[in-house]
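Engineer: Quick one, upload_24.cif (mmCIF, C-alpha atoms and all ligand atoms):
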```cif
data_data
loop_
_atom_site.label_atom_id
_atom_site.label_comp_id
_atom_site.auth_asym_id
_atom_site.auth_seq_id
_atom_site.Cartn_x
_atom_site.Cartn_y
_atom_site.Cartn_z
CA MET W 1 -6.31 23.15 6.83
CA THR W 2 -3.93 22.54 3.92
CA LEU W 3 -0.19 22.07 4.27
CA ILE W 4 1.78 22.60 1.08
CA ASP W 5 5.26 21.20 0.46
CA ARG W 6 8.05 22.86 -1.54
CA PHE W 7 6.59 21.48 -4.81
CA HIS W 8 3.08 22.76 -3.97
CA ARG W 9 1.82 19.30 -3.03
CA PRO W 10 -0.77 19.27 -0.22
CA LEU W 11 -0.69 16.80 2.65
CA GLY W 12 -3.83 14.79 1.81
CA SER W 13 -3.53 11.18 2.88
CA LEU W 14 -1.94 8.90 5.44
CA ARG W 15 -0.98 5.25 5.16
CA LEU W 16 -0.96 4.00 8.72
CA SER W 17 0.92 0.75 9.25
CA VAL W 18 -0.33 -1.22 12.25
CA THR W 19 2.23 -4.04 12.21
CA ASP W 20 5.38 -5.07 10.35
CA ARG W 21 4.49 -8.79 10.67
CA CYS W 22 2.93 -10.82 7.89
CA ASN W 23 1.43 -14.24 7.22
CA MET W 24 2.73 -14.27 3.63
CA ARG W 25 6.21 -13.96 2.21
CA CYS W 26 5.62 -12.38 -1.21
CA GLY W 27 8.77 -12.59 -3.33
CA TYR W 28 8.68 -8.86 -4.15
CA CYS W 29 8.28 -7.80 -0.52
CA MET W 30 9.65 -10.45 1.89
CA PRO W 31 11.82 -12.82 -0.13
CA ASN W 32 14.39 -13.60 2.56
CA GLU W 33 14.55 -16.20 5.33
CA ASN W 34 15.29 -13.91 8.26
CA TYR W 35 14.08 -10.45 9.13
CA ALA W 36 14.94 -7.73 11.58
CA TRP W 37 11.60 -6.81 13.20
CA LEU W 38 10.54 -3.65 14.94
CA PRO W 39 11.00 -4.14 18.70
CA ARG W 40 7.65 -4.95 20.33
CA ALA W 41 7.89 -2.17 22.90
CA SER W 42 8.21 0.34 20.07
CA ILE W 43 4.87 -0.62 18.46
CA LEU W 44 2.32 2.13 19.00
CA THR W 45 -0.85 1.34 20.94
CA PHE W 46 -4.21 1.91 19.24
CA GLU W 47 -4.59 5.08 21.29
CA GLU W 48 -1.24 6.36 20.01
CA LEU W 49 -2.03 5.43 16.39
CA ASP W 50 -5.44 7.09 16.66
CA ARG W 51 -3.93 10.21 18.18
CA LEU W 52 -1.36 10.52 15.38
CA ALA W 53 -4.00 9.90 12.70
CA GLY W 54 -6.13 12.61 14.30
CA ILE W 55 -3.26 15.11 14.20
CA PHE W 56 -2.53 14.31 10.54
CA ALA W 57 -6.22 14.53 9.65
CA VAL W 58 -6.60 17.99 11.14
CA LEU W 59 -3.56 19.03 9.06
CA GLY W 60 -5.29 17.81 5.88
CA ALA W 61 -4.73 14.04 5.70
CA GLY W 62 -8.41 13.11 5.94
CA LYS W 63 -7.88 9.97 3.85
CA VAL W 64 -6.50 7.15 6.01
CA ARG W 65 -5.51 3.68 4.85
CA LEU W 66 -4.61 0.96 7.33
CA THR W 67 -1.83 -1.28 6.12
CA GLY W 68 1.19 -3.31 7.27
CA GLY W 69 2.66 -6.01 7.10
CA GLU W 70 -0.65 -7.73 7.25
CA PRO W 71 -2.94 -5.38 9.18
CA LEU W 72 -5.40 -8.14 10.10
CA LEU W 73 -2.67 -9.79 12.20
CA ARG W 74 -3.00 -6.91 14.67
CA HIS W 75 -5.27 -8.19 17.43
CA ASP W 76 -8.75 -6.59 17.50
CA LEU W 77 -8.10 -4.18 14.63
CA ALA W 78 -11.81 -3.30 14.69
CA ARG W 79 -11.18 -1.36 17.89
CA LEU W 80 -8.75 0.95 16.07
CA VAL W 81 -11.20 1.27 13.16
CA ARG W 82 -13.89 2.37 15.61
CA LEU W 83 -11.61 5.03 17.12
CA LEU W 84 -10.65 6.40 13.68
CA ALA W 85 -14.19 6.27 12.27
CA ALA W 86 -15.38 8.47 15.15
CA ARG W 87 -13.08 11.31 14.05
CA SER W 88 -14.89 13.87 11.93
CA ALA W 89 -11.63 15.01 10.27
CA ILE W 90 -11.15 11.50 8.80
CA ASP W 91 -13.57 11.29 5.88
CA ASP W 92 -12.19 8.19 4.13
CA LEU W 93 -11.09 5.06 5.99
CA ALA W 94 -9.73 2.12 4.00
CA LEU W 95 -7.75 -1.09 4.52
CA THR W 96 -5.20 -2.91 2.36
CA THR W 97 -4.94 -6.63 3.11
CA ASN W 98 -3.72 -9.88 1.63
CA GLY W 99 -7.20 -11.21 2.36
CA ILE W 100 -6.31 -14.38 4.29
CA LEU W 101 -8.09 -13.29 7.49
CA LEU W 102 -10.66 -11.01 5.88
CA GLY W 103 -13.52 -13.52 5.75
CA GLU W 104 -13.41 -14.05 9.52
CA GLN W 105 -12.82 -10.41 10.52
CA LEU W 106 -14.91 -8.43 8.06
CA GLY W 107 -18.14 -8.32 10.11
CA PRO W 108 -16.62 -6.51 13.13
CA LEU W 109 -14.57 -4.23 10.85
CA VAL W 110 -17.63 -3.08 8.91
CA ASP W 111 -19.60 -2.66 12.14
CA ALA W 112 -16.76 -0.49 13.44
CA GLY W 113 -16.98 1.83 10.41
CA LEU W 114 -14.65 0.44 7.71
CA ARG W 115 -16.01 1.41 4.28
CA ARG W 116 -13.32 0.49 1.73
CA VAL W 117 -11.05 -2.50 1.28
CA THR W 118 -8.30 -3.31 -1.21
CA ILE W 119 -7.29 -6.95 -1.43
CA SER W 120 -4.00 -8.06 -2.96
CA LEU W 121 -4.40 -10.90 -5.45
CA ASP W 122 -1.45 -11.58 -7.75
CA THR W 123 -2.38 -15.03 -8.98
CA LEU W 124 -5.40 -17.26 -9.54
CA VAL W 125 -3.23 -20.36 -9.23
CA PRO W 126 -2.92 -21.71 -5.64
CA GLU W 127 0.40 -23.47 -6.36
CA ARG W 128 1.89 -20.18 -7.50
CA LEU W 129 0.92 -18.46 -4.28
CA LYS W 130 2.57 -21.31 -2.42
CA ALA W 131 5.78 -21.04 -4.44
CA PHE W 132 5.96 -17.23 -4.63
CA ALA W 133 4.44 -16.10 -1.33
CA ARG W 134 4.99 -19.25 0.73
CA SER W 135 1.30 -19.40 1.55
CA ASP W 136 -1.14 -22.28 1.07
CA ARG W 137 -4.09 -20.03 1.95
CA HIS W 138 -5.21 -19.13 -1.59
CA GLY W 139 -8.69 -20.49 -0.80
CA ALA W 140 -8.93 -18.20 2.24
CA VAL W 141 -8.00 -15.18 0.08
CA LEU W 142 -10.81 -16.03 -2.37
CA ASP W 143 -13.20 -16.50 0.58
CA GLY W 144 -12.14 -13.05 1.83
CA ILE W 145 -12.96 -11.53 -1.57
CA ASP W 146 -16.37 -13.23 -1.58
CA ALA W 147 -17.09 -12.01 1.95
CA ALA W 148 -16.16 -8.45 0.94
CA LEU W 149 -18.49 -8.65 -2.06
CA ARG W 150 -21.39 -9.80 0.12
CA SER W 151 -20.74 -7.09 2.74
CA PRO W 152 -22.07 -3.51 2.85
CA LEU W 153 -18.57 -2.13 2.04
CA ARG W 154 -18.79 0.86 -0.28
CA SER W 155 -15.74 -0.12 -2.32
CA VAL W 156 -13.81 -3.36 -2.85
CA LYS W 157 -10.75 -3.33 -5.11
CA LEU W 158 -8.07 -5.80 -6.11
CA ASN W 159 -4.34 -5.05 -6.39
CA SER W 160 -2.07 -7.18 -8.59
CA VAL W 161 1.66 -6.63 -8.79
CA VAL W 162 2.72 -7.87 -12.22
CA ILE W 163 6.12 -9.55 -12.53
CA ARG W 164 7.55 -11.04 -15.68
CA GLY W 165 8.12 -14.74 -15.28
CA TYR W 166 5.81 -15.01 -12.25
CA ASN W 167 2.30 -13.91 -13.10
CA ASP W 168 2.52 -11.88 -16.32
CA ASP W 169 0.69 -14.68 -18.14
CA GLU W 170 -2.29 -14.03 -15.80
CA VAL W 171 -2.76 -10.34 -16.60
CA LEU W 172 -5.88 -11.01 -18.67
CA ASP W 173 -7.28 -13.76 -16.43
CA LEU W 174 -7.02 -11.47 -13.40
CA LEU W 175 -8.96 -8.76 -15.22
CA ALA W 176 -11.62 -11.27 -16.30
CA PHE W 177 -11.86 -12.52 -12.68
CA ALA W 178 -12.35 -8.97 -11.41
CA SER W 179 -14.77 -8.00 -14.16
CA GLU W 180 -17.01 -11.05 -13.55
CA ARG W 181 -17.33 -9.93 -9.93
CA ARG W 182 -17.70 -6.23 -10.79
CA LEU W 183 -14.51 -5.47 -8.88
CA GLU W 184 -12.00 -2.88 -9.98
CA LEU W 185 -8.56 -4.38 -10.53
CA ARG W 186 -5.44 -2.25 -10.27
CA TYR W 187 -2.27 -3.53 -11.86
CA ILE W 188 0.84 -2.40 -9.99
CA GLU W 189 4.21 -2.18 -11.66
CA TYR W 190 6.94 -4.03 -9.79
CA MET W 191 8.91 -1.51 -7.70
CA ASP W 192 12.53 -1.65 -6.55
CA VAL W 193 11.71 -0.69 -2.96
CA GLY W 194 12.31 -2.36 0.41
CA GLY W 195 12.61 -6.13 0.33
CA ALA W 196 12.59 -6.31 -3.47
CA THR W 197 16.26 -7.31 -3.31
CA GLY W 198 15.92 -9.38 -6.50
CA TRP W 199 14.42 -6.49 -8.50
CA GLN W 200 15.55 -6.23 -12.11
CA ALA W 201 14.32 -3.81 -14.74
CA ASN W 202 13.42 -6.61 -17.14
CA ALA W 203 11.03 -8.16 -14.60
CA VAL W 204 8.86 -5.02 -14.69
CA VAL W 205 5.85 -5.33 -16.98
CA PRO W 206 5.33 -1.71 -18.02
CA ARG W 207 2.00 0.08 -18.14
CA ALA W 208 2.23 0.30 -21.94
CA GLU W 209 2.58 -3.46 -22.32
CA ILE W 210 -0.33 -4.16 -19.95
CA LEU W 211 -2.53 -1.79 -21.96
CA GLU W 212 -1.52 -3.43 -25.24
CA ARG W 213 -2.32 -6.89 -23.96
CA VAL W 214 -5.67 -5.83 -22.51
CA ALA W 215 -6.65 -4.11 -25.77
CA ALA W 216 -5.65 -7.13 -27.86
CA ARG W 217 -7.99 -9.37 -25.86
CA PHE W 218 -10.84 -7.08 -24.74
CA GLY W 219 -10.91 -4.38 -27.45
CA PRO W 220 -10.50 -0.60 -27.22
CA VAL W 221 -9.38 0.80 -23.88
CA GLU W 222 -10.67 4.26 -23.00
CA ALA W 223 -8.59 6.38 -20.60
CA LEU W 224 -10.74 7.95 -17.89
CA ASP W 225 -9.50 11.38 -16.95
CA ASP W 226 -10.47 11.24 -13.30
CA ARG W 227 -7.18 10.54 -11.59
CA GLY W 228 -6.73 13.65 -9.46
CA VAL W 229 -3.99 12.87 -6.92
CA ALA W 230 -4.69 9.10 -6.95
CA PRO W 231 -1.77 6.82 -7.85
CA ALA W 232 -3.86 4.75 -10.28
CA GLU W 233 -4.73 5.85 -13.81
CA ARG W 234 -8.16 4.44 -14.63
CA PHE W 235 -9.39 2.89 -17.87
CA ARG W 236 -12.67 1.51 -19.24
CA LEU W 237 -13.42 -1.34 -21.60
CA LYS W 238 -16.33 -1.40 -24.05
CA ASP W 239 -18.42 -3.58 -21.71
CA GLY W 240 -18.09 -0.97 -18.93
CA THR W 241 -15.38 -2.83 -16.95
CA THR W 242 -13.03 -0.35 -15.32
CA PHE W 243 -9.48 -1.04 -14.17
CA GLY W 244 -6.43 0.90 -13.04
CA ILE W 245 -2.68 0.90 -13.49
CA ILE W 246 -0.25 2.15 -10.86
CA ALA W 247 2.82 2.84 -12.97
CA SER W 248 5.17 3.84 -10.17
CA THR W 249 8.20 2.51 -12.01
CA THR W 250 7.80 3.61 -15.64
CA ALA W 251 5.53 6.64 -15.20
CA PRO W 252 5.97 7.95 -11.65
CA PHE W 253 3.42 10.38 -10.30
CA CYS W 254 5.49 12.17 -7.62
CA GLY W 255 4.33 15.54 -8.97
CA SER W 256 0.91 15.06 -7.37
CA CYS W 257 1.88 12.90 -4.39
CA ASP W 258 -0.03 13.87 -1.24
CA ARG W 259 0.86 10.75 0.75
CA SER W 260 2.48 10.30 4.13
CA ARG W 261 3.39 7.01 5.75
CA VAL W 262 3.62 6.22 9.45
CA THR W 263 5.12 2.87 10.47
CA ALA W 264 3.79 0.79 13.37
CA ASP W 265 6.54 2.24 15.60
CA GLY W 266 5.54 5.82 14.78
CA THR W 267 8.24 6.68 12.25
CA TRP W 268 6.92 9.11 9.66
CA PHE W 269 8.12 8.86 6.04
CA LEU W 270 7.56 11.67 3.58
CA CYS W 271 8.24 9.32 0.65
CA LEU W 272 8.14 5.57 0.06
CA TYR W 273 11.77 5.76 -1.07
CA ALA W 274 13.03 8.01 1.74
CA ASP W 275 16.08 6.64 3.52
CA HIS W 276 15.14 8.07 6.92
CA GLY W 277 11.93 8.86 8.70
CA ILE W 278 11.00 11.23 11.48
CA ASP W 279 10.52 9.73 14.95
CA LEU W 280 7.04 10.76 16.11
CA ARG W 281 6.90 8.06 18.79
CA ALA W 282 9.64 9.81 20.74
CA ALA W 283 7.61 13.02 20.73
CA LEU W 284 4.40 11.23 21.77
CA ARG W 285 6.05 9.28 24.56
CA ALA W 286 7.96 12.31 25.83
CA GLY W 287 4.60 13.94 26.51
CA ALA W 288 4.41 16.34 23.55
CA THR W 289 1.05 18.06 23.12
CA ASP W 290 -0.99 17.61 19.93
CA GLU W 291 0.01 21.16 18.96
CA ALA W 292 3.71 20.34 19.36
CA VAL W 293 3.41 17.18 17.21
CA ALA W 294 1.39 19.13 14.62
CA GLU W 295 4.12 21.78 14.58
CA LEU W 296 6.74 19.07 13.91
CA VAL W 297 4.65 17.61 11.05
CA THR W 298 4.05 21.08 9.60
CA ARG W 299 7.73 21.95 9.67
CA HIS W 300 8.78 18.79 7.84
CA TRP W 301 5.93 18.73 5.30
CA THR W 302 6.40 22.35 4.31
CA ASN W 303 10.08 21.57 3.60
CA ARG W 304 9.35 18.33 1.69
CA ILE W 305 11.19 17.92 -1.60
CA ASP W 306 10.98 14.11 -1.99
CA ARG W 307 10.34 12.69 -5.48
CA GLY W 308 11.76 9.21 -4.90
CA ALA W 309 10.24 7.30 -7.83
CA GLU W 310 11.10 10.04 -10.31
CA ASP W 311 14.69 10.13 -9.05
CA ARG W 312 14.91 6.34 -9.43
CA ALA W 313 13.40 6.44 -12.92
CA ALA W 314 16.07 8.94 -14.01
CA MET W 315 18.90 6.59 -12.95
CA THR W 316 20.93 4.58 -15.39
CA GLY W 317 21.77 0.98 -14.46
CA ARG W 318 18.96 0.85 -11.90
CA GLY W 319 18.93 -2.16 -9.55
CA ALA W 320 17.37 -2.99 -6.18
CA LEU W 321 17.28 -0.01 -3.82
CA TYR W 322 18.92 -1.94 -0.95
CA PRO W 323 21.00 -5.08 -0.65
CA ILE W 324 19.97 -7.42 2.18
CA GLU W 325 22.57 -6.02 4.60
CA GLY W 326 21.14 -2.53 4.07
CA LEU W 327 17.69 -3.79 5.02
CA ARG W 328 18.89 -5.65 8.10
CA ALA W 329 20.56 -2.45 9.28
CA ASP W 330 17.16 -0.75 9.55
CA PRO W 331 13.85 -2.67 9.48
CA ARG W 332 12.06 0.57 8.58
CA ARG W 333 13.48 0.32 5.06
CA GLU W 334 11.27 -2.71 4.39
CA MET W 335 8.09 -2.37 2.33
CA HIS W 336 6.25 -4.55 4.86
CA THR W 337 7.14 -1.92 7.48
CA ARG W 338 6.37 1.15 5.36
CA GLY W 339 3.03 -0.25 4.24
CA GLY W 340 3.36 -0.11 0.42
N1 LIG V 401 -0.12 -7.11 3.43
C1 LIG V 401 -1.05 -6.25 2.78
C2 LIG V 401 -1.16 -6.57 1.31
O1 LIG V 401 -0.29 -7.26 0.78
O2 LIG V 401 -2.11 -6.10 0.70
C3 LIG V 401 -0.74 -4.77 2.98
C4 LIG V 401 0.71 -4.34 2.95
S1 LIG V 401 1.54 -4.53 1.38
C5 LIG V 401 3.15 -3.94 1.75
C6 LIG V 401 0.78 -3.21 0.44
C7 LIG V 401 0.91 -3.33 -1.07
O3 LIG V 401 2.26 -3.19 -1.43
C8 LIG V 401 0.42 -4.65 -1.65
O4 LIG V 401 -0.59 -4.40 -2.62
C9 LIG V 401 1.65 -5.22 -2.30
O5 LIG V 401 1.35 -5.96 -3.43
C10 LIG V 401 2.47 -3.97 -2.59
N2 LIG V 401 3.91 -4.22 -2.77
C11 LIG V 401 4.78 -4.76 -1.89
N3 LIG V 401 6.03 -4.84 -2.43
C12 LIG V 401 5.94 -4.34 -3.69
C13 LIG V 401 6.87 -4.14 -4.76
N4 LIG V 401 8.15 -4.48 -4.64
N5 LIG V 401 6.42 -3.59 -5.90
C14 LIG V 401 5.12 -3.22 -6.02
N6 LIG V 401 4.20 -3.38 -5.06
C15 LIG V 401 4.59 -3.93 -3.91
FE1 LIG V 402 2.89 -9.80 0.74
FE2 LIG V 402 1.64 -7.71 1.90
FE3 LIG V 402 2.89 -9.51 3.36
FE4 LIG V 402 4.31 -7.87 1.87
S1 LIG V 402 3.08 -7.29 3.57
S2 LIG V 402 4.64 -10.09 2.13
S3 LIG V 402 2.94 -7.64 0.10
S4 LIG V 402 1.13 -9.90 2.02
FE1 LIG V 403 5.16 10.03 -3.46
FE2 LIG V 403 7.66 9.28 -2.99
FE3 LIG V 403 5.93 7.59 -4.18
FE4 LIG V 403 6.90 9.76 -5.49
S1 LIG V 403 8.04 7.98 -4.76
S2 LIG V 403 4.77 9.05 -5.45
S3 LIG V 403 7.02 11.27 -3.81
S4 LIG V 403 5.81 8.40 -2.07
#
```
Could you express the structure from this file as structure tokens?
Structural biologist:
Amino acid sequence: MTLIDRFHRPLGSLRLSVTDRCNMRCGYCMPNENYAWLPRASILTFEELDRLAGIFAVLGAGKVRLTGGEPLLRHDLARLVRLLAARSAIDDLALTTNGILLGEQLGPLVDAGLRRVTISLDTLVPERLKAFARSDRHGAVLDGIDAALRSPLRSVKLNSVVIRGYNDDEVLDLLAFASERRLELRYIEYMDVGGATGWQANAVVPRAEILERVAARFGPVEALDDRGVAPAERFRLKDGTTFGIIASTTAPFCGSCDRSRVTADGTWFLCLYADHGIDLRAALRAGATDEAVAELVTRHWTNRIDRGAEDRAAMTGRGALYPIEGLRADPRREMHTRGG
């Protein structure tokens, strides 16, 4: 089944957030001291998450990515993976993680049916991770990457958010690190969403600059024309190394966006930048049938007109999307709640 929105975009993928908690405090996502968290009683059980994912999958979102917060903080995540992997309508099951707990949890996750993992790695310098993300677990992240490389996973990728003045001097080192391990690195432009309360346009390292720097060091960069609806544009170097750029800020790709996001409390967002979501938990817990929830999803998706990143890019004098007070008013505005 294919649901089409008002701009002819199909519903194709779901980012399912399993927790809003995290064991890092990345400066572009959780820079503050105090947070408003989702109330514990509102967090969906694995059975509820699985049921929602199943409804979305039947409506076309057969690609599911588990995220958070840090998804590996959710106790026994492998049990949810097993439930999702058993669904025939879900044909692609992936996980995005900061990697700290990956080394110790990967075995059960793979056994349960996980096939793809993306690990966030913004710096190769442990002291930088400590200063920027308030984590002294850089070694554990590298161990997680090694464990993923040794595992039977079908795909292991790295994500690096590039920020001027933090890690922009590591753009080439990160690519060399990935290339040596035959991993695909994806550079992500710094976005003004959620907790990025300190976002400034001049801290964004644009796609064009990343490409220039890569070409100056590694030689000609060939654009691969295989993007489809994926957020990353892919490129190849002469030695065969491939990498991607997710240029959400300077070259938004809303025109082909097939993504939905469900937070750990069952709030459904039709766009990363949307101010409000749709409360699916209320429907589930009020005893709605699968058909009734599917009807709700169908109604909202077929009316979808969101193009958040393009709207932001067209603004003059762009700053952070929310000030801190705006975030405290609704924890669902946070990136660590929406899942990135
Ligand atoms: N904790 C996991 C992790 O960091 O991989 C999963 C959740 S995290 C919210 C998902 C992705 O969002 C990460 O790759 C992170 O780097 C990215 N992200 C968070 N805030 C961002 C921002 N302001 N701009 C660009 N990417 C951001
Ligand atoms: Fe960093 Fe991910 Fe945690 Fe956000 S959710 S603070 S990006 S590790
Ligand atoms: Fe999709 Fe919204 Fe991101 Fe645009 S800003 S790509 S519509 S989620």
Engineer: For ligand LIG 402 (chain V), collect every residue having any atom at a distance of at most 6 Å from a ligand atom (counting all atoms listed in the file); output as a PDB file with C-alpha atoms, keeping the file's coordinate frame.
Structural biologist:
```pdb
ATOM      1  CA  CYS W  22       2.930 -10.820   7.890  1.00  0.00           C
ATOM      2  CA  MET W  24       2.730 -14.270   3.630  1.00  0.00           C
ATOM      3  CA  ARG W  25       6.210 -13.960   2.210  1.00  0.00           C
ATOM      4  CA  CYS W  26       5.620 -12.380  -1.210  1.00  0.00           C
ATOM      5  CA  CYS W  29       8.280  -7.800  -0.520  1.00  0.00           C
ATOM      6  CA  MET W  30       9.650 -10.450   1.890  1.00  0.00           C
ATOM      7  CA  GLY W  68       1.190  -3.310   7.270  1.00  0.00           C
ATOM      8  CA  GLY W  69       2.660  -6.010   7.100  1.00  0.00           C
ATOM      9  CA  GLU W  70      -0.650  -7.730   7.250  1.00  0.00           C
ATOM     10  CA  ASN W  98      -3.720  -9.880   1.630  1.00  0.00           C
ATOM     11  CA  HIS W 336       6.250  -4.550   4.860  1.00  0.00           C
TER      12      HIS W 336
END
```
Engineer: So, with only C-alpha atoms as the atoms that count, which of W:Gly27, W:Gly103, W:Pro206, W:Gly195 lies closest to Arg134 (chain W)?
Structural biologist: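 Once distances to Arg134 (chain W) are computed over only C-alpha atoms, the minimum belongs to W:Gly27.
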Engineer: Taking (-14.6, -1.8, 2.6) in the file's coordinates as the center, which residues reach within 8 Å of it, counting all atoms listed in the file, put as a list in words?
Structural biologist: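 In the file's frame, the residues around the point are Ala94, Leu95, Val110, Leu114, Arg115, Arg116, Val117, Thr118, Ala148, Pro152, Leu153, Arg154, Ser155 and Val156 of chain W.
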Engineer: Write out as JSON lines the residues of chain W that have any atom within 7 Å of an atom of ligand LIG 401 (chain V), one row each with the nearest atom pair and its distance in Å to one decimal, counting all atoms listed in the file, sorted by chain and then rising number.
Structural biologist:
```
{"residue": "W:Cys22", "atom": "CA", "partner": "V:LIG401", "partner_atom": "N1", "distance": 6.6}
{"residue": "W:Tyr28", "atom": "CA", "partner": "V:LIG401", "partner_atom": "N4", "distance": 4.4}
{"residue": "W:Cys29", "atom": "CA", "partner": "V:LIG401", "partner_atom": "N3", "distance": 4.2}
{"residue": "W:Thr67", "atom": "CA", "partner": "V:LIG401", "partner_atom": "C3", "distance": 4.8}
{"residue": "W:Gly68", "atom": "CA", "partner": "V:LIG401", "partner_atom": "C4", "distance": 4.5}
{"residue": "W:Gly69", "atom": "CA", "partner": "V:LIG401", "partner_atom": "N1", "distance": 4.7}
{"residue": "W:Glu70", "atom": "CA", "partner": "V:LIG401", "partner_atom": "N1", "distance": 3.9}
{"residue": "W:Pro71", "atom": "CA", "partner": "V:LIG401", "partner_atom": "C3", "distance": 6.6}
{"residue": "W:Thr96", "atom": "CA", "partner": "V:LIG401", "partner_atom": "O2", "distance": 4.7}
{"residue": "W:Thr97", "atom": "CA", "partner": "V:LIG401", "partner_atom": "O2", "distance": 3.8}
{"residue": "W:Asn98", "atom": "CA", "partner": "V:LIG401", "partner_atom": "C2", "distance": 4.2}
{"residue": "W:Ile119", "atom": "CA", "partner": "V:LIG401", "partner_atom": "O2", "distance": 5.7}
{"residue": "W:Ser120", "atom": "CA", "partner": "V:LIG401", "partner_atom": "O2", "distance": 4.6}
{"residue": "W:Asn159", "atom": "CA", "partner": "V:LIG401", "partner_atom": "O4", "distance": 5.4}
{"residue": "W:Ser160", "atom": "CA", "partner": "V:LIG401", "partner_atom": "O5", "distance": 6.3}
{"residue": "W:Val161", "atom": "CA", "partner": "V:LIG401", "partner_atom": "O5", "distance": 5.4}
{"residue": "W:Ile188", "atom": "CA", "partner": "V:LIG401", "partner_atom": "C14", "distance": 5.9}
{"residue": "W:Glu189", "atom": "CA", "partner": "V:LIG401", "partner_atom": "C14", "distance": 5.8}
{"residue": "W:Tyr190", "atom": "CA", "partner": "V:LIG401", "partner_atom": "N5", "distance": 3.9}
{"residue": "W:Met191", "atom": "CA", "partner": "V:LIG401", "partner_atom": "N5", "distance": 3.7}
{"residue": "W:Asp192", "atom": "CA", "partner": "V:LIG401", "partner_atom": "N4", "distance": 5.6}
{"residue": "W:Val193", "atom": "CA", "partner": "V:LIG401", "partner_atom": "N4", "distance": 5.5}
{"residue": "W:Gly194", "atom": "CA", "partner": "V:LIG401", "partner_atom": "N4", "distance": 6.9}
{"residue": "W:Gly195", "atom": "CA", "partner": "V:LIG401", "partner_atom": "N4", "distance": 6.9}
{"residue": "W:Ala196", "atom": "CA", "partner": "V:LIG401", "partner_atom": "N4", "distance": 4.9}
{"residue": "W:Met335", "atom": "CA", "partner": "V:LIG401", "partner_atom": "C5", "distance": 5.2}
{"residue": "W:His336", "atom": "CA", "partner": "V:LIG401", "partner_atom": "C5", "distance": 4.4}
{"residue": "W:Gly339", "atom": "CA", "partner": "V:LIG401", "partner_atom": "C5", "distance": 4.5}
{"residue": "W:Gly340", "atom": "CA", "partner": "V:LIG401", "partner_atom": "O3", "distance": 3.8}
```
Engineer: Set the distance at 12 Å and use all atoms listed in the file: which residues neighbour region 328-330 of chain W once local chain neighbours fewer than 6 positions away are removed? I'd like the list as a short mmCIF file (atom, residue, chain, number, x, y, z; two decimals) with C-alpha atoms, keeping the file's coordinate frame.
Structural biologist:
```cif
data_model
loop_
_atom_site.label_atom_id
_atom_site.label_comp_id
_atom_site.auth_asym_id
_atom_site.auth_seq_id
_atom_site.Cartn_x
_atom_site.Cartn_y
_atom_site.Cartn_z
CA ASN W 32 14.39 -13.60 2.56
CA GLU W 33 14.55 -16.20 5.33
CA ASN W 34 15.29 -13.91 8.26
CA TYR W 35 14.08 -10.45 9.13
CA ALA W 36 14.94 -7.73 11.58
CA TRP W 37 11.60 -6.81 13.20
CA LEU W 38 10.54 -3.65 14.94
CA PRO W 39 11.00 -4.14 18.70
CA GLY W 194 12.31 -2.36 0.41
CA GLY W 195 12.61 -6.13 0.33
CA THR W 197 16.26 -7.31 -3.31
CA THR W 267 8.24 6.68 12.25
CA ASP W 275 16.08 6.64 3.52
CA HIS W 276 15.14 8.07 6.92
CA GLY W 277 11.93 8.86 8.70
CA TYR W 322 18.92 -1.94 -0.95
CA THR W 337 7.14 -1.92 7.48
CA ARG W 338 6.37 1.15 5.36
#
```
Engineer: Using all atoms listed in the file, find each protein or nucleic acid residue lying at most 9 Å from ligand LIG 403 (chain V); present the set as a ChimeraX atom specification.
Structural biologist: /W:231,248,252-261,269-274,305-312
Engineer: Out of W:Asp146, W:Phe243, W:Val205, W:Leu80, which residue has the shortest atom-to-atom distance to Glu222 (chain W) when counting only C-alpha atoms?
Structural biologist: W:Phe243
Engineer: Do you have the CA of Leu84 (chain W)-CA of Glu48 (chain W) distance handy?
Structural biologist: 11.3 Å
Engineer: Mind giving me the straight-line distance from CA of Ala78 (chain W) to CA of Leu49 (chain W) in Å, one decimal?
Structural biologist: 13.2 Å
Engineer: For Gly139 (chain W), please output as a PyMOL selection string all residues within 12 Å (counting only C-alpha atoms; exclusion window: fewer than 2 positions along the same chain).
Structural biologist: chain W and resi 98-103+121+123-127+129-130+135-137+141-146
Engineer: Please provide the set of residues having any atom within 10 Å of Asp5 (chain W), restricted to only C-alpha atoms, with same-chain residues fewer than 6 positions apart removed, written as an mmCIF file with C-alpha atoms, in the coordinates of the input.
Structural biologist:
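Output file out.cif follows:
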```cif
data_model
loop_
_atom_site.group_PDB
_atom_site.id
_atom_site.type_symbol
_atom_site.label_atom_id
_atom_site.label_comp_id
_atom_site.auth_asym_id
_atom_site.auth_seq_id
_atom_site.Cartn_x
_atom_site.Cartn_y
_atom_site.Cartn_z
ATOM 1 C CA LEU W 11 -0.690 16.800 2.650
ATOM 2 C CA ASP W 258 -0.030 13.870 -1.240
ATOM 3 C CA THR W 298 4.050 21.080 9.600
ATOM 4 C CA ARG W 299 7.730 21.950 9.670
ATOM 5 C CA HIS W 300 8.780 18.790 7.840
ATOM 6 C CA TRP W 301 5.930 18.730 5.300
ATOM 7 C CA THR W 302 6.400 22.350 4.310
ATOM 8 C CA ASN W 303 10.080 21.570 3.600
ATOM 9 C CA ARG W 304 9.350 18.330 1.690
ATOM 10 C CA ILE W 305 11.190 17.920 -1.600
ATOM 11 C CA ASP W 306 10.980 14.110 -1.990
#
```
Engineer: CA of Met315 (chain W) to CA of Asn202 (chain W): how many Å, to one decimal?
Structural biologist: 14.9 Å
